[in-house]
Each structure stands twice: as structure tokens, then as C-alpha cells.
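*Asks:* What follows is a structure written as C-alpha cells; I'll ask about it next.
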Amino acid sequence: MNPDNFGSQLPTLRGPDLSLRWLTAADLPALMTIFANPEVVRYMATEPLDTREAAERYLLSIHEGFQSGGLYQWGIERDGAVVGTCTLAGIDRDNRTAEIGFALGREHWGRGLILRALPLVIEFAFNTLQLHRIGADADPRNSASIRVLEKLGFQREGLLRECYFHMGEIQDAALFGLLQPDWRASAYCPPAD
């Protein structure tokens with residue numbers, strides 16, 4: 001049973017032109033399209049999902065993470081199709097922290113979708129889950145993701161040198177953090193009702 005009493009699935013988070021929703025078996029083709037692309041997963045801790053079985057295992061891990069309350073992952077839906085995902089992982093209720101992640105299908109890059117989707121997850125984390133801090137890490141070469149994090153108010157906090165071995169190469173991780181009071185002061189935080 002989910003520790004946050006969300007029932008059988010995550011709540012849908014709605015923005016003006018997209019929504020973040022629960023992922024189902026009907027989304028397996030979309031997940032494969034997104035995550036089979038080596039460009040999409042180049043800087044992520046996941047291997048390309050190049051088979052239906054791999055996509056099924058990935059979806060199962062998302063559902064198991066929801067049940068345990070340690071991982072909440074939404075599909076980014078736009079015009080009736082899942083085009084990416086947004087994730088809160090490592091949710092720690094005692095310390096009121098989590099890590100944020102995101103992925104977008106290659107054909108949707110450069111359209112500002114993540115800048116419209118992530119604020120929904122950040123608001124959910126700070127308001128609904130009552131978290132105080134959200135962390136993120138990004139390969140220092142992933143300038144697009146770093147720009148998104150910095151625009152949303154994440155501050156660079158450090159560098160983990162050669163901490164990942166992924167897709168045949170050793171990768172660094174730039175560390176970022178966003179505190180709830182800093183989010184409230186950011187331009188992307190929606191005004192209070």
C-alpha cells in the first residue's frame with residue numbers, strides 16, 4: 001500500500017498544455033520510443049529499452065516504486081501521447097528530501113516542455129509531500145539539462161568525479177539542490193492562491 005495514501009496510482013498533475021499522469025501498459029510503446037534512443041539515455045543511469053520485455057520491467061519498477069513510496073514517476077502527456085517522464089526518486093520522508101529526474105523523447109527536445117512539466121512535480125513535492133529539499137545530478141556535458149535545472153532555481157552544489165560507468169564510459173555528476181524557500185522565490189513557482 002502506498003505510504004502517501006494515493007490509492008492505486010499517482011494523481012494527475014495538470015499544466016496549461018500538458019499533464020503528468022500515471023503510466024500504464026498502454027504506454028509501453030511510448031516508453032520504448034523514448035528510452036530506446038541512445039541520445040536520450042546517454043547521461044542517465046538506465047540502459048536503452050530496446051525490447052518490449054525491458055520496457056515491461058521498467059514499468060514494473062515504476063509501479064513497485066510507487067507502492068513502496070520511494071519513487072514517483074509520471075508520464076508527460078501532450079496531445080494525447082506520452083512524450084517523456086518526470087520522476088521523484090529516493091523519496092525520504094524523515095529528512096524531507098527527494099531527487100528529481102526527467103527524460104524527453106528526442107523529437108520533443110528544444111520546445112520548453114520540461115520547463116513546463118518540472119514545476120508541476122516540484123510543486124507536488126513541496127506542497128503535497130511537504131519536502132524541504134530536492135536534489136538532482138547531471139553529467140557536466142549535459143548542458144541542456146543543466147540549463148533547465150538552473151532556470152528552475154537549482155543551485156550547483158558540487159561535483160562527483162568519475163562516479164558512474166554507463167554505456168561504456170566513466171561519467172562525472174554535477175550535483176544540484178533546490179530548497180523549498182528558494183523555490184517560493186523563483187519565477188517558475190506559481191503564485192499562492
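Chains: A, B, ... in order of the C-alpha cells. Residues: from 1 per chain. Ligands: from 1, in order shown.
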Would you list the contacts of Arg156 of chain A as a list in words, taking every protein, DNA or RNA residue within 8 Å and counting only C-alpha atoms, but skipping same-chain residues closer than 2 positions in sequence?
*Replies:*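 Surrounding residues, per the criterion: Glu150, Phe154, Gly158, Ala174, Leu175, Phe176 and Gly177 of chain A.
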*Asks:* Which of segment 58-169 of chain A end up as strand (DSSP E) when DSSP is run on this backbone - answer as a ChimeraX atom specification?
*Replies:* /A:71-78,81-92,97-104,133-138,155-166,169
*Asks:* Any chance you could export the current selection's N, CA and C atoms as a compact mmCIF listing (two decimals), in the first residue's frame?
*Replies:*
```
# COMPACT_ATOMS: atom_id res chain seq x y z
N LEU A 71 9.60 6.00 -5.13
CA LEU A 71 9.79 6.54 -6.47
C LEU A 71 8.43 6.87 -7.08
N TYR A 72 8.28 8.10 -7.50
CA TYR A 72 7.06 8.53 -8.18
C TYR A 72 7.45 9.00 -9.58
N GLN A 73 6.94 8.30 -10.59
CA GLN A 73 7.29 8.66 -11.97
C GLN A 73 6.02 8.82 -12.79
N TRP A 74 5.90 9.97 -13.41
CA TRP A 74 4.77 10.32 -14.25
C TRP A 74 5.17 10.30 -15.72
N GLY A 75 4.19 10.02 -16.57
CA GLY A 75 4.37 10.22 -18.00
C GLY A 75 3.97 11.65 -18.34
N ILE A 76 4.75 12.31 -19.17
CA ILE A 76 4.39 13.63 -19.67
C ILE A 76 3.51 13.41 -20.88
N GLU A 77 2.25 13.80 -20.76
CA GLU A 77 1.31 13.61 -21.86
C GLU A 77 1.03 14.95 -22.53
N ARG A 78 1.15 14.93 -23.84
CA ARG A 78 0.85 16.13 -24.63
C ARG A 78 0.14 15.68 -25.89
N ALA A 81 -0.47 11.89 -26.19
CA ALA A 81 0.63 10.92 -26.27
C ALA A 81 1.64 11.19 -25.17
N VAL A 82 2.23 10.11 -24.64
CA VAL A 82 3.31 10.23 -23.67
C VAL A 82 4.59 10.55 -24.45
N VAL A 83 5.20 11.69 -24.09
CA VAL A 83 6.40 12.16 -24.81
C VAL A 83 7.64 12.19 -23.92
N GLY A 84 7.46 11.88 -22.63
CA GLY A 84 8.58 11.89 -21.70
C GLY A 84 8.12 11.48 -20.32
N THR A 85 9.04 11.61 -19.36
CA THR A 85 8.71 11.28 -17.97
C THR A 85 9.34 12.30 -17.03
N CYS A 86 8.74 12.45 -15.86
CA CYS A 86 9.29 13.22 -14.75
C CYS A 86 9.24 12.33 -13.52
N THR A 87 10.29 12.39 -12.70
CA THR A 87 10.45 11.44 -11.61
C THR A 87 10.89 12.12 -10.32
N LEU A 88 10.31 11.68 -9.21
CA LEU A 88 10.86 11.93 -7.88
C LEU A 88 11.35 10.58 -7.39
N ALA A 89 12.63 10.48 -7.09
CA ALA A 89 13.22 9.21 -6.65
C ALA A 89 13.89 9.41 -5.30
N GLY A 90 14.15 8.31 -4.62
CA GLY A 90 14.81 8.38 -3.33
C GLY A 90 14.05 9.24 -2.34
N ILE A 91 12.73 9.16 -2.38
CA ILE A 91 11.90 9.99 -1.50
C ILE A 91 12.16 9.58 -0.05
N ASP A 92 12.61 10.54 0.73
CA ASP A 92 12.97 10.33 2.14
C ASP A 92 12.08 11.24 2.99
N THR A 97 13.38 14.94 1.75
CA THR A 97 14.17 15.14 0.54
C THR A 97 13.77 14.15 -0.55
N ALA A 98 14.14 14.46 -1.77
CA ALA A 98 13.99 13.55 -2.91
C ALA A 98 14.93 14.04 -4.00
N GLU A 99 15.10 13.19 -5.01
CA GLU A 99 15.88 13.53 -6.20
C GLU A 99 14.91 13.63 -7.37
N ILE A 100 15.15 14.59 -8.25
CA ILE A 100 14.27 14.77 -9.41
C ILE A 100 15.01 14.31 -10.67
N GLY A 101 14.24 13.79 -11.60
CA GLY A 101 14.80 13.37 -12.87
C GLY A 101 13.78 13.59 -13.97
N PHE A 102 14.25 13.57 -15.21
CA PHE A 102 13.35 13.80 -16.33
C PHE A 102 13.97 13.26 -17.60
N ALA A 103 13.09 12.90 -18.52
CA ALA A 103 13.51 12.42 -19.84
C ALA A 103 12.46 12.86 -20.84
N LEU A 104 12.92 13.14 -22.04
CA LEU A 104 12.01 13.59 -23.08
C LEU A 104 12.40 12.91 -24.39
N ARG A 133 13.75 19.74 0.45
CA ARG A 133 14.86 19.83 -0.49
C ARG A 133 14.68 18.82 -1.61
N ILE A 134 14.99 19.27 -2.84
CA ILE A 134 15.00 18.38 -4.00
C ILE A 134 16.40 18.46 -4.60
N GLY A 135 17.01 17.31 -4.78
CA GLY A 135 18.32 17.25 -5.40
C GLY A 135 18.23 16.76 -6.83
N ALA A 136 19.31 16.95 -7.56
CA ALA A 136 19.42 16.45 -8.93
C ALA A 136 20.89 16.27 -9.23
N ASP A 137 21.18 15.36 -10.15
CA ASP A 137 22.55 15.29 -10.67
C ASP A 137 22.48 15.22 -12.18
N ALA A 138 23.51 15.77 -12.81
CA ALA A 138 23.58 15.79 -14.26
C ALA A 138 25.02 15.66 -14.69
N GLN A 155 20.61 25.12 -7.44
CA GLN A 155 21.96 25.66 -7.30
C GLN A 155 22.97 24.52 -7.41
N ARG A 156 24.06 24.81 -8.11
CA ARG A 156 25.13 23.82 -8.23
C ARG A 156 25.81 23.68 -6.88
N GLU A 157 25.94 22.44 -6.41
CA GLU A 157 26.47 22.20 -5.07
C GLU A 157 27.78 21.42 -5.07
N GLY A 158 28.16 20.86 -6.17
CA GLY A 158 29.40 20.11 -6.18
C GLY A 158 29.53 19.23 -7.39
N LEU A 159 30.58 18.43 -7.39
CA LEU A 159 30.88 17.53 -8.49
C LEU A 159 31.37 16.20 -7.93
N LEU A 160 30.77 15.13 -8.38
CA LEU A 160 31.26 13.79 -8.07
C LEU A 160 32.06 13.34 -9.28
N ARG A 161 33.34 13.19 -9.10
CA ARG A 161 34.21 12.82 -10.21
C ARG A 161 34.14 11.33 -10.49
N GLU A 162 33.98 10.99 -11.76
CA GLU A 162 34.02 9.61 -12.25
C GLU A 162 33.21 8.66 -11.37
N CYS A 163 31.96 9.03 -11.13
CA CYS A 163 31.15 8.22 -10.21
C CYS A 163 30.22 7.23 -10.91
N TYR A 164 30.04 7.35 -12.22
CA TYR A 164 29.18 6.43 -12.94
C TYR A 164 29.96 5.77 -14.07
N PHE A 165 29.67 4.50 -14.31
CA PHE A 165 30.14 3.83 -15.51
C PHE A 165 28.90 3.46 -16.29
N HIS A 166 28.68 4.13 -17.41
CA HIS A 166 27.42 3.98 -18.13
C HIS A 166 27.70 3.97 -19.63
N GLU A 169 31.40 4.20 -20.71
CA GLU A 169 32.27 5.32 -20.35
C GLU A 169 32.08 5.71 -18.89
```
*Asks:* How far is it from atom CA of Arg42 of chain A to atom CA of Thr24 of chain A, in Å with one decimal?
*Replies:*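 Atom CA of Thr24 of chain A lies 24.6 Å from atom CA of Arg42 of chain A.
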*Asks:* Quick one: residues within 8 Å of segment 44-51 of chain A, only C-alpha atoms, excluding same-chain residues fewer than 2 positions away - as a list in words?
*Replies:*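 Using only C-alpha atoms, the neighbours found are Leu31, Met32, Phe35, Ala36, Asn37, Pro38, Val40, Val41, Arg42, Glu53, Ala54, Ala55, His166 and Met167 of chain A.
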*Asks:* Emit the selected residues as an mmCIF file, in the first residue's frame, including C-alpha atoms.
*Replies:*
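Final file, result.cif:
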```
data_model
loop_
_atom_site.group_PDB
_atom_site.id
_atom_site.type_symbol
_atom_site.label_atom_id
_atom_site.label_comp_id
_atom_site.auth_asym_id
_atom_site.auth_seq_id
_atom_site.Cartn_x
_atom_site.Cartn_y
_atom_site.Cartn_z
ATOM 1 C CA LEU A 31 8.376 4.255 -23.232
ATOM 2 C CA MET A 32 10.270 2.155 -25.766
ATOM 3 C CA PHE A 35 14.115 5.211 -23.799
ATOM 4 C CA ALA A 36 15.400 3.088 -26.692
ATOM 5 C CA ASN A 37 17.124 6.142 -28.120
ATOM 6 C CA PRO A 38 20.801 6.187 -27.038
ATOM 7 C CA VAL A 40 18.021 10.135 -24.586
ATOM 8 C CA VAL A 41 19.681 7.732 -22.133
ATOM 9 C CA ARG A 42 23.277 8.840 -22.756
ATOM 10 C CA GLU A 53 10.485 -7.109 -22.085
ATOM 11 C CA ALA A 54 12.921 -4.387 -20.978
ATOM 12 C CA ALA A 55 10.135 -1.793 -21.167
ATOM 13 C CA HIS A 166 27.423 3.984 -18.132
ATOM 14 C CA MET A 167 27.253 2.893 -21.766
#
```
*Asks:* DSSP on the backbone: what in segment 11-59 of chain A comes out alpha helix (DSSP H), as a ChimeraX atom specification?
*Replies:* /A:28-35,38-41,52-59
*Asks:* So which one's closest to Asn2 of chain A, A:Gly168, A:Lys151, A:Asn95, A:Gln67? Using only C-alpha atoms, please.
*Replies:*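 Checking each candidate against Asn2 of chain A, we get A:Gln67 as the closest.
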*Asks:* For His132 of chain A, which residue among A:Leu120, A:Leu28, A:Leu20, A:Leu178 is the nearest when counting only C-alpha atoms?
*Replies:*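 Closest candidate: A:Leu178.
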*Asks:* Show which residues sit within 12 Å of Phe6 of chain A, as a ChimeraX atom specification. Count only C-alpha atoms, and ignore same-chain residues fewer than 3 positions away.
*Replies:* /A:1-3,9-12,22,66-69,72,128-129
*Asks:* Report, in Å with one decimal, the straight-line distance from atom CA of Tyr188 of chain A to atom CA of Gly105 of chain A.
*Replies:* 23.0 Å
